[in-house]
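Enquirer: For reference, this is protein_9.tsv, and it has TSV, C-alpha atoms.
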chain	number	residue	atom	x	y	z
A	1	MET	CA	0.00	0.00	0.00
A	2	LYS	CA	1.24	3.50	-0.81
A	3	THR	CA	1.96	5.97	1.98
A	4	ALA	CA	0.97	9.63	2.29
A	5	PHE	CA	2.28	12.30	4.64
A	6	VAL	CA	0.90	15.62	5.83
A	7	SER	CA	2.00	18.06	8.50
A	8	GLY	CA	0.40	21.02	10.23
A	9	CYS	CA	-0.44	22.79	13.46
A	10	PHE	CA	-4.07	21.56	13.61
A	11	ASP	CA	-4.93	24.15	16.23
A	12	LEU	CA	-8.63	24.91	16.75
A	13	LEU	CA	-9.54	21.77	14.82
A	14	HIS	CA	-12.38	22.44	12.37
A	15	SER	CA	-14.24	20.93	9.43
A	16	GLY	CA	-11.61	22.16	6.97
A	17	HIS	CA	-8.95	20.08	8.72
A	18	VAL	CA	-11.16	16.99	8.57
A	19	ALA	CA	-11.92	17.50	4.87
A	20	PHE	CA	-8.22	17.93	4.08
A	21	LEU	CA	-7.17	14.83	6.01
A	22	ARG	CA	-9.92	12.72	4.45
A	23	THR	CA	-8.80	13.78	0.98
A	24	ALA	CA	-5.13	13.12	1.80
A	25	ALA	CA	-6.01	9.63	3.09
A	26	GLN	CA	-7.24	8.72	-0.40
A	27	TYR	CA	-3.62	8.73	-1.60
A	28	GLY	CA	-2.45	6.03	0.83
A	29	ALA	CA	-1.86	5.11	4.47
A	30	LEU	CA	-1.83	8.56	6.04
A	31	HIS	CA	0.90	9.69	8.46
A	32	VAL	CA	0.41	13.09	10.12
A	33	GLY	CA	3.11	15.25	11.71
A	34	VAL	CA	1.58	17.57	14.30
A	35	ALA	CA	3.60	20.69	15.09
A	36	SER	CA	4.92	21.04	18.62
A	37	ASP	CA	3.94	23.96	20.84
A	38	ALA	CA	7.42	25.42	20.23
A	39	THR	CA	6.93	25.33	16.45
A	40	VAL	CA	3.49	26.98	16.67
A	41	LEU	CA	4.95	29.77	18.82
A	42	GLN	CA	7.83	30.28	16.36
A	43	LEU	CA	5.71	30.25	13.20
A	44	LYS	CA	2.57	32.02	14.43
A	45	GLY	CA	4.03	34.37	17.00
A	46	HIS	CA	1.64	33.12	19.71
A	47	PRO	CA	1.14	29.84	21.60
A	48	PRO	CA	-1.51	27.41	20.33
A	49	ALA	CA	-5.02	27.50	21.72
A	50	ASN	CA	-4.68	23.75	22.42
A	51	PRO	CA	-1.43	22.12	23.64
A	52	GLN	CA	0.37	19.59	21.47
A	53	GLN	CA	-0.86	16.44	23.23
A	54	GLU	CA	-4.47	17.54	22.87
A	55	ARG	CA	-3.98	18.40	19.21
A	56	LEU	CA	-2.30	15.02	18.66
A	57	TYR	CA	-5.18	13.20	20.36
A	58	MET	CA	-7.76	14.86	18.10
A	59	VAL	CA	-5.83	14.27	14.87
A	60	GLN	CA	-5.04	10.62	15.52
A	61	ASN	CA	-8.74	9.94	16.16
A	62	ILE	CA	-9.89	11.26	12.76
A	63	ALA	CA	-11.03	8.47	10.45
A	64	GLY	CA	-8.44	7.72	7.78
A	65	VAL	CA	-5.38	8.74	9.82
A	66	GLU	CA	-3.06	5.73	10.04
A	67	ARG	CA	-0.56	7.31	12.44
A	68	ALA	CA	-0.02	10.72	14.02
A	69	PHE	CA	2.92	12.04	16.03
A	70	ILE	CA	4.48	15.26	17.32
A	71	SER	CA	7.13	16.36	14.83
A	72	SER	CA	10.56	16.14	16.43
A	73	ALA	CA	12.18	19.28	14.99
A	74	VAL	CA	11.15	22.94	15.29
A	75	GLY	CA	10.37	25.38	12.50
A	76	MET	CA	8.85	25.38	9.02
A	77	LEU	CA	10.35	21.94	8.24
A	78	ASP	CA	9.79	20.45	11.70
A	79	PHE	CA	8.63	17.19	10.09
A	80	ALA	CA	11.85	16.68	8.07
A	81	PRO	CA	13.39	13.94	10.25
A	82	GLU	CA	10.22	11.83	10.11
A	83	LEU	CA	9.81	12.49	6.38
A	84	ARG	CA	13.37	11.31	5.69
A	85	GLU	CA	12.77	8.18	7.74
A	86	LEU	CA	9.41	7.30	6.19
A	87	LYS	CA	10.15	8.35	2.56
A	88	PRO	CA	6.42	8.35	1.71
A	89	ASP	CA	5.04	8.12	-1.81
A	90	PHE	CA	3.17	11.40	-1.41
A	91	PHE	CA	3.61	14.59	0.62
A	92	ILE	CA	0.38	16.60	0.59
A	93	VAL	CA	-0.24	20.24	1.46
A	94	ASN	CA	-3.12	22.64	0.84
A	95	HIS	CA	-2.44	25.67	-1.34
A	96	ASP	CA	-1.73	28.08	1.53
A	97	GLY	CA	0.68	25.57	3.11
A	98	HIS	CA	2.85	25.27	-0.01
A	99	THR	CA	6.47	26.45	0.20
A	100	ALA	CA	9.44	26.02	-2.12
A	101	GLU	CA	11.41	24.45	0.75
A	102	LYS	CA	8.85	21.66	1.15
A	103	ALA	CA	8.85	20.99	-2.58
A	104	ALA	CA	12.66	20.86	-2.68
A	105	LEU	CA	12.83	18.40	0.23
A	106	CYS	CA	10.33	16.10	-1.49
A	107	ALA	CA	12.30	16.27	-4.74
A	108	GLU	CA	15.43	15.24	-2.84
A	109	LEU	CA	13.65	12.22	-1.33
A	110	GLY	CA	11.82	11.17	-4.50
A	111	THR	CA	8.44	11.87	-2.84
A	112	GLU	CA	5.65	13.21	-5.04
A	113	TYR	CA	4.62	16.67	-3.86
A	114	ILE	CA	0.88	17.40	-4.14
A	115	VAL	CA	-0.81	20.77	-3.52
A	116	LEU	CA	-4.56	20.56	-2.87
A	117	PRO	CA	-7.04	23.45	-3.02
A	118	ARG	CA	-8.71	24.37	0.27
A	119	LEU	CA	-12.20	22.99	-0.28
A	120	PRO	CA	-14.88	22.61	2.42
A	121	GLU	CA	-17.17	19.62	2.64
A	122	PRO	CA	-20.29	20.18	0.49
A	123	GLY	CA	-22.80	22.25	2.42
A	124	LEU	CA	-20.28	23.46	5.02
A	125	PRO	CA	-18.61	26.89	5.14
A	126	SER	CA	-14.92	27.36	4.40
A	127	ARG	CA	-12.97	27.41	7.67
A	128	SER	CA	-9.50	28.29	8.85
A	129	SER	CA	-8.01	28.48	12.34
A	130	THR	CA	-7.24	32.17	11.80
A	131	GLN	CA	-10.87	32.91	10.91
A	132	LEU	CA	-12.10	31.03	13.98
A	133	ARG	CA	-9.65	32.91	16.18
A	134	ALA	CA	-10.90	36.18	14.69
A	135	GLN	CA	-14.61	35.48	15.11
A	136	HIS	CA	-15.05	37.94	18.01
A	137	LEU	CA	-13.05	40.75	16.38
A	138	PRO	CA	-14.84	43.69	14.71
A	139	TRP	CA	-15.24	44.14	10.97
A	140	ARG	CA	-14.67	47.30	8.92
A	141	VAL	CA	-17.28	49.01	6.76
A	142	GLU	CA	-15.97	51.59	4.29
A	143	LEU	CA	-18.74	54.09	3.65
A	144	ALA	CA	-17.09	56.61	1.31
A	145	GLY	CA	-13.87	57.49	-0.47
A	146	ALA	CA	-12.30	54.03	-0.87
A	147	TRP	CA	-9.03	54.17	-2.86
A	148	LEU	CA	-8.16	57.65	-1.63
A	149	ASP	CA	-6.01	55.82	0.95
A	150	GLN	CA	-3.78	54.73	-1.96
A	151	PRO	CA	-1.16	57.31	-3.03
A	152	PHE	CA	-1.82	56.65	-6.73
A	153	VAL	CA	-5.25	58.27	-6.14
A	154	SER	CA	-4.75	60.83	-3.35
A	155	SER	CA	-1.61	62.23	-5.05
A	156	LEU	CA	-3.95	63.31	-7.86
A	157	HIS	CA	-6.47	64.88	-5.47
A	158	ALA	CA	-6.54	64.81	-1.67
A	159	GLY	CA	-9.63	63.50	0.04
A	160	GLY	CA	-11.16	61.55	2.90
A	161	VAL	CA	-12.04	57.93	3.46
A	162	ILE	CA	-14.98	57.34	5.84
A	163	CYS	CA	-15.10	54.06	7.75
A	164	PHE	CA	-16.65	52.59	10.83
A	165	SER	CA	-15.91	49.57	12.98
A	166	VAL	CA	-18.82	47.14	13.41
A	167	GLU	CA	-19.43	44.34	15.86
A	168	PRO	CA	-19.51	40.74	14.52
A	169	THR	CA	-23.30	40.46	14.82
A	170	HIS	CA	-23.57	38.34	11.63
A	171	ASP	CA	-21.52	35.61	9.99
A	172	PHE	CA	-20.16	38.03	7.39
A	173	MET	CA	-18.52	36.48	4.32
A	174	PRO	CA	-14.68	36.35	4.64
A	175	ARG	CA	-14.04	37.93	1.22
A	176	GLY	CA	-16.80	40.49	1.45
A	177	GLY	CA	-15.03	43.86	1.35
A	178	MET	CA	-14.92	44.29	5.13
A	179	ALA	CA	-11.14	44.13	5.68
A	180	GLY	CA	-11.14	40.37	6.27
A	181	SER	CA	-7.44	39.92	5.50
A	182	THR	CA	-6.41	42.72	7.88
A	183	ARG	CA	-8.77	41.26	10.48
A	184	ASN	CA	-6.92	37.95	10.15
A	185	ARG	CA	-3.63	39.73	10.79
A	186	LEU	CA	-5.13	41.16	13.99
A	187	ALA	CA	-6.09	37.63	15.02
A	188	GLU	CA	-2.53	36.43	14.38
A	189	LEU	CA	-1.21	39.19	16.63
A	190	PHE	CA	-3.74	39.21	19.44
A	191	GLY	CA	-6.14	36.26	19.15
A	192	GLY	CA	-9.84	36.94	19.43
A	193	THR	CA	-9.85	40.23	21.35
A	194	LEU	CA	-8.37	43.65	20.70
A	195	PRO	CA	-5.63	44.63	23.16
A	196	ASN	CA	-6.06	47.50	25.59
A	197	MET	CA	-3.97	50.15	23.84
A	198	PRO	CA	-4.65	53.48	22.09
A	199	PRO	CA	-6.69	52.70	18.96
A	200	GLU	CA	-4.58	54.70	16.51
A	201	GLN	CA	-1.41	53.11	17.87
A	202	LEU	CA	-3.01	49.67	17.40
A	203	ALA	CA	-4.00	50.61	13.84
A	204	ARG	CA	-0.42	51.69	13.01
A	205	LEU	CA	0.95	48.44	14.44
A	206	THR	CA	-1.53	46.36	12.43
A	207	PHE	CA	-0.84	48.32	9.23
A	208	ARG	CA	2.93	47.80	9.58
A	209	TYR	CA	2.53	44.13	10.46
A	210	GLU	CA	0.37	43.41	7.42
A	211	ASN	CA	2.51	45.27	4.91
A	212	GLY	CA	5.98	44.74	6.38
A	213	VAL	CA	7.58	47.30	8.63
A	214	ASP	CA	9.17	48.99	5.60
A	215	LEU	CA	6.07	48.59	3.41
A	216	VAL	CA	7.71	45.86	1.37
A	217	ARG	CA	4.57	44.32	-0.14
A	218	ARG	CA	4.00	44.91	-3.85
A	219	ASP	CA	0.34	45.79	-3.24
A	220	ILE	CA	0.09	47.76	-0.01
A	221	SER	CA	-3.10	47.11	1.95
A	222	GLY	CA	-4.59	50.55	2.59
A	223	ALA	CA	-4.44	52.10	6.04
A	224	GLN	CA	-8.23	52.55	6.06
A	225	ASP	CA	-8.55	48.79	6.74
A	226	ALA	CA	-6.50	48.91	9.93
A	227	ILE	CA	-7.96	52.23	11.08
A	228	GLY	CA	-11.51	51.12	10.32
A	229	LEU	CA	-11.04	47.96	12.39
A	230	CYS	CA	-9.15	49.41	15.34
A	231	VAL	CA	-10.64	52.87	15.89
A	232	PRO	CA	-14.21	52.80	17.28
A	233	GLY	CA	-17.04	54.95	16.01
A	234	VAL	CA	-16.94	56.62	12.59
A	235	THR	CA	-13.66	57.97	11.22
A	236	ARG	CA	-12.78	60.30	8.37
A	237	GLN	CA	-9.17	59.83	7.32
A	238	HIS	CA	-7.54	62.59	5.27
A	239	TYR	CA	-5.10	61.37	2.58
A	240	ASN	CA	-2.79	63.52	0.49
A	241	GLY	CA	-0.37	61.31	-1.43
A	242	ALA	CA	0.85	59.21	1.52
A	243	TYR	CA	-0.03	55.76	2.86
A	244	TRP	CA	-0.94	57.08	6.33
A	245	PRO	CA	-3.53	59.86	6.74
A	246	SER	CA	-2.47	63.35	7.73
A	247	GLU	CA	-5.47	63.57	10.09
A	248	ILE	CA	-8.11	61.24	11.54
A	249	GLU	CA	-11.45	62.73	12.58
A	250	GLN	CA	-13.71	60.62	14.77
A	251	ILE	CA	-17.44	60.64	15.53
A	252	THR	CA	-18.38	58.89	18.77
A	253	ASP	CA	-21.51	60.68	20.02
A	254	GLU	CA	-24.37	58.27	20.63
A	255	ASP	CA	-27.05	60.20	18.74
A	256	THR	CA	-25.09	60.20	15.48
A	257	LEU	CA	-24.02	56.57	15.74
A	258	ALA	CA	-27.57	55.43	16.54
A	259	TRP	CA	-28.92	57.47	13.60
A	260	LEU	CA	-26.40	55.91	11.21
A	261	GLU	CA	-27.22	52.38	12.43
A	262	GLN	CA	-30.89	53.02	11.63
A	263	HIS	CA	-30.16	54.35	8.12
A	264	ILE	CA	-27.41	52.01	6.86
A	265	ALA	CA	-27.46	48.26	6.20
A	266	LEU	CA	-25.31	45.73	4.36
A	267	TYR	CA	-26.61	43.80	1.37
A	268	PRO	CA	-24.59	40.64	0.53
A	269	THR	CA	-23.98	39.74	-3.11
A	270	PHE	CA	-21.42	36.99	-3.75
A	271	GLU	CA	-17.99	36.36	-2.27
A	272	ARG	CA	-15.17	38.16	-4.05
A	273	PRO	CA	-13.36	35.60	-6.26
A	274	GLN	CA	-9.76	34.54	-5.67
A	275	GLY	CA	-7.32	36.39	-7.92
A	276	TYR	CA	-9.69	39.33	-8.46
A	277	ASP	CA	-7.82	42.50	-9.49
A	278	PRO	CA	-9.87	45.68	-8.90
A	279	LYS	CA	-7.16	47.79	-10.59
A	280	ALA	CA	-7.54	46.15	-14.00
A	281	GLY	CA	-8.39	48.89	-16.51
A	282	MET	CA	-8.23	51.65	-13.89
A	283	GLN	CA	-8.53	55.31	-14.92
A	284	PRO	CA	-6.44	57.28	-12.38
A	285	THR	CA	-7.13	60.84	-13.51
A	286	ARG	CA	-7.32	64.01	-11.46
A	287	GLN	CA	-10.94	64.42	-12.53
A	288	ASN	CA	-11.91	60.96	-11.26
A	289	ALA	CA	-10.01	61.39	-7.99
A	290	ALA	CA	-11.65	64.78	-7.42
A	291	ALA	CA	-15.11	63.30	-8.02
A	292	LEU	CA	-14.43	60.63	-5.42
A	293	ALA	CA	-13.22	63.22	-2.90
A	294	ARG	CA	-16.37	65.32	-3.47
A	295	ALA	CA	-18.62	62.29	-2.98
A	296	SER	CA	-16.83	61.45	0.28
A	297	GLU	CA	-17.24	65.05	1.49
A	298	MET	CA	-20.97	64.80	0.72
A	299	THR	CA	-21.21	61.64	2.85
A	300	TRP	CA	-19.50	63.36	5.79
A	301	ARG	CA	-21.93	66.31	5.59
A	302	ALA	CA	-24.88	63.90	5.50
A	303	ILE	CA	-23.72	62.13	8.66
A	304	LEU	CA	-23.07	65.34	10.58
A	305	ALA	CA	-26.47	66.73	9.56
A	306	LYS	CA	-28.25	63.37	10.00
A	307	ASP	CA	-29.72	63.95	6.54
A	308	ASP	CA	-31.06	60.65	5.18
A	309	ALA	CA	-31.78	62.01	1.66
A	310	LEU	CA	-28.25	63.42	1.34
A	311	LEU	CA	-26.80	60.16	2.66
A	312	ALA	CA	-28.59	58.18	-0.07
A	313	GLU	CA	-27.45	60.66	-2.72
A	314	SER	CA	-23.87	60.44	-1.47
A	315	LEU	CA	-23.78	56.64	-1.68
A	316	ASN	CA	-24.74	56.75	-5.33
A	317	ALA	CA	-22.24	59.54	-5.96
A	318	ASN	CA	-19.49	57.43	-4.41
A	319	ARG	CA	-20.48	54.43	-6.53
A	320	LEU	CA	-20.39	56.43	-9.77
A	321	ALA	CA	-17.04	58.00	-8.87
A	322	GLN	CA	-15.54	54.62	-8.07
A	323	GLN	CA	-16.93	53.12	-11.26
A	324	ALA	CA	-15.25	55.85	-13.31
A	325	LEU	CA	-11.96	55.37	-11.47
A	326	LEU	CA	-11.95	51.55	-11.25
A	327	PRO	CA	-14.52	49.95	-13.56
A	328	ALA	CA	-13.38	46.42	-12.60
A	329	MET	CA	-14.97	46.98	-9.17
A	330	PHE	CA	-18.32	46.26	-10.80
A	331	PRO	CA	-18.45	42.80	-12.45
A	332	PRO	CA	-20.79	42.39	-15.44
A	333	ASN	CA	-22.86	39.69	-13.69
A	334	LEU	CA	-23.63	41.95	-10.72
A	335	GLN	CA	-27.36	42.41	-10.07
A	336	VAL	CA	-28.22	44.96	-7.37
A	337	ASN	CA	-31.73	46.41	-7.36
A	338	LEU	CA	-31.45	49.02	-4.60
A	339	PRO	CA	-32.28	52.73	-4.70
A	340	ALA	CA	-29.00	53.84	-3.08
A	341	TRP	CA	-25.89	51.69	-2.69
A	342	LYS	CA	-22.14	51.28	-3.10
A	343	PHE	CA	-19.60	48.54	-2.49
A	344	THR	CA	-17.78	48.53	0.80
A	345	GLY	CA	-14.09	48.03	0.12
A	346	ALA	CA	-12.55	47.08	-3.22
A	347	GLY	CA	-15.67	45.70	-4.93
A	348	GLY	CA	-15.74	42.73	-7.27
A	349	GLY	CA	-18.35	41.12	-5.04
A	350	GLY	CA	-18.99	41.01	-1.32
A	351	ASN	CA	-21.23	43.39	0.59
A	352	VAL	CA	-22.75	46.64	-0.58
A	353	VAL	CA	-23.79	49.46	1.72
A	354	THR	CA	-27.36	50.60	1.23
A	355	THR	CA	-29.91	52.91	2.80
A	356	ASP	CA	-32.63	50.30	2.13
A	357	THR	CA	-32.65	48.92	5.66
A	358	GLN	CA	-36.03	47.20	5.11
A	359	HIS	CA	-34.87	44.97	2.27
A	360	PRO	CA	-35.45	41.29	3.22
A	361	ASN	CA	-31.78	40.46	2.56
A	362	ALA	CA	-30.38	43.48	4.38
A	363	LEU	CA	-28.05	42.89	7.35
A	364	SER	CA	-28.27	45.37	10.21
A	365	ILE	CA	-25.06	46.77	11.68
A	366	LYS	CA	-23.90	47.62	15.18
A	367	ILE	CA	-21.16	50.26	15.25
A	368	ARG	CA	-18.48	49.55	17.82
A	369	ARG	CA	-18.44	52.11	20.61
Take the structure I supplied and represent it as structure tokens, if you would.
Expert:
Amino acid sequence: MKTAFVSGCFDLLHSGHVAFLRTAAQYGALHVGVASDATVLQLKGHPPANPQQERLYMVQNIAGVERAFISSAVGMLDFAPELRELKPDFFIVNHDGHTAEKAALCAELGTEYIVLPRLPEPGLPSRSSTQLRAQHLPWRVELAGAWLDQPFVSSLHAGGVICFSVEPTHDFMPRGGMAGSTRNRLAELFGGTLPNMPPEQLARLTFRYENGVDLVRRDISGAQDAIGLCVPGVTRQHYNGAYWPSEIEQITDEDTLAWLEQHIALYPTFERPQGYDPKAGMQPTRQNAAALARASEMTWRAILAKDDALLAESLNANRLAQQALLPAMFPPNLQVNLPAWKFTGAGGGGNVVTTDTQHPNALSIKIRR
């Protein structure tokens, strides 16, 4: 019988782990290397939620697992000694566990290296340990001005991005335009609760962590994601050609927040596809950037005045300005029949913000105080 090998942390065991192990077991007698507590701490930057013996117990009792053990080494290739000893026919990873080092080690040993897509069991949601750890963290809703936090837009015309932090009152879709990837970075840093530190300082830390301390990523995740998650209430962030805003205004008075909650809802469309590029075919002109800045200013006036008609007008103005600037934000198969709406975040799918709070598919929001 052929042999198969997988390795992983298997912390916060969930249905995605079970689906992956069941698929891997179809390749042969399945051996599983479970990362030690020391390896989890080194790779993740935090200790596991469950200690190694408990994680081992759960894995070795999943149907299809022939043998499970704690990997003897520490680090990304902690399983290497056991892999060299076993020399399995197959080494199996999911797509986000693939590394060149793993592939090279398998090539050296003559083991076939297989990368599987992360697929949930039919009828079950996609799960990851990071998402489970993040389930109590807030989400970010961008209400106006998205893309002005990118220098390629705000260097053409300065303007504000308006966001607010919302409580996780619904099972929002992970790729829904609500700063899910930045939220996952927060979970990696702090687990399921925000630390007790000044919100703007926390936002700066999160922004630097996600993009590399020297902003080394090719596509920099905008600061509005981190600020919108970490700073409570409603914020207007002023951008003028830089990645970090020159000023952050904040609305925290209860009357305004309660009014906004009653006049804004989220309407889910479909999850943003993998590989989606909102900047395809973009039109970064001064005219388009200025139109977006004006629409954002209109939204801010509507909130301060608690003017529901102006708020609806401003959402549509934001949508039209974004469509002129980044037409790929609006896929051709999109069907939204709402009187006033715009995407939250980078578009391509996900949630739209609407003033139609009575729509049967609308999701109410609770702004974080």
Enquirer: Any idea what's packed within 7 Å of Ala35 of chain A, counting all atoms listed in the file, ignoring anything in its chain fewer than 3 positions away? Could you give it as a list in words?
Expert: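 The residues that qualify are Gly8, Cys9, Thr39, Val40, Ile70 and Ser71 of chain A.
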Enquirer: Would you pick out the contacts of Thr355 of chain A at 7 Å or less, using all atoms listed in the file, so that residues sharing its chain but fewer than 2 positions from it are not included, and give the list as a list in words?
Expert: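 So, after excluding close chain neighbours, the residues are His263, Ile264, Ala265, Ala312, Ala340, Trp341 and Thr357 of chain A.
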Enquirer: Could you pull the residues within 10 Å of segment 80-87 of chain A, counting all atoms listed in the file, minus those fewer than 5 positions along the same chain, as a PyMOL selection string?
Expert: chain A and resi 3-7+31-33+69-75+102+105-106+108-111
Enquirer: Any idea what's packed within 8 Å of Ala19 of chain A, counting all atoms listed in the file, ignoring anything in its chain fewer than 5 positions away? Could you give it as a list of chain:residue names?
Expert: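 After dropping sequence-adjacent residues, the list is A:Leu119, A:Pro120, A:Glu121.
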Enquirer: Might you pull out every residue within 12 Å of Asn211 of chain A, with only C-alpha atoms counted and same-chain residues fewer than 2 positions away left off, and present them as a ChimeraX atom specification?
Expert: /A:181-182,185,204-209,213-223,225-226,243
Enquirer: Quote the spacing between atom CA of Met1 of chain A and atom CA of Ile114 of chain A in Å to one decimal place.
Expert: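 We find that atom CA of Met1 of chain A and atom CA of Ile114 of chain A lie 17.9 Å from each other.
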Enquirer: Taking all atoms listed in the file into account, which of A:Leu266, A:Ile248, A:Val231, A:Leu43 comes nearest Phe172 of chain A?
Expert: A:Leu266
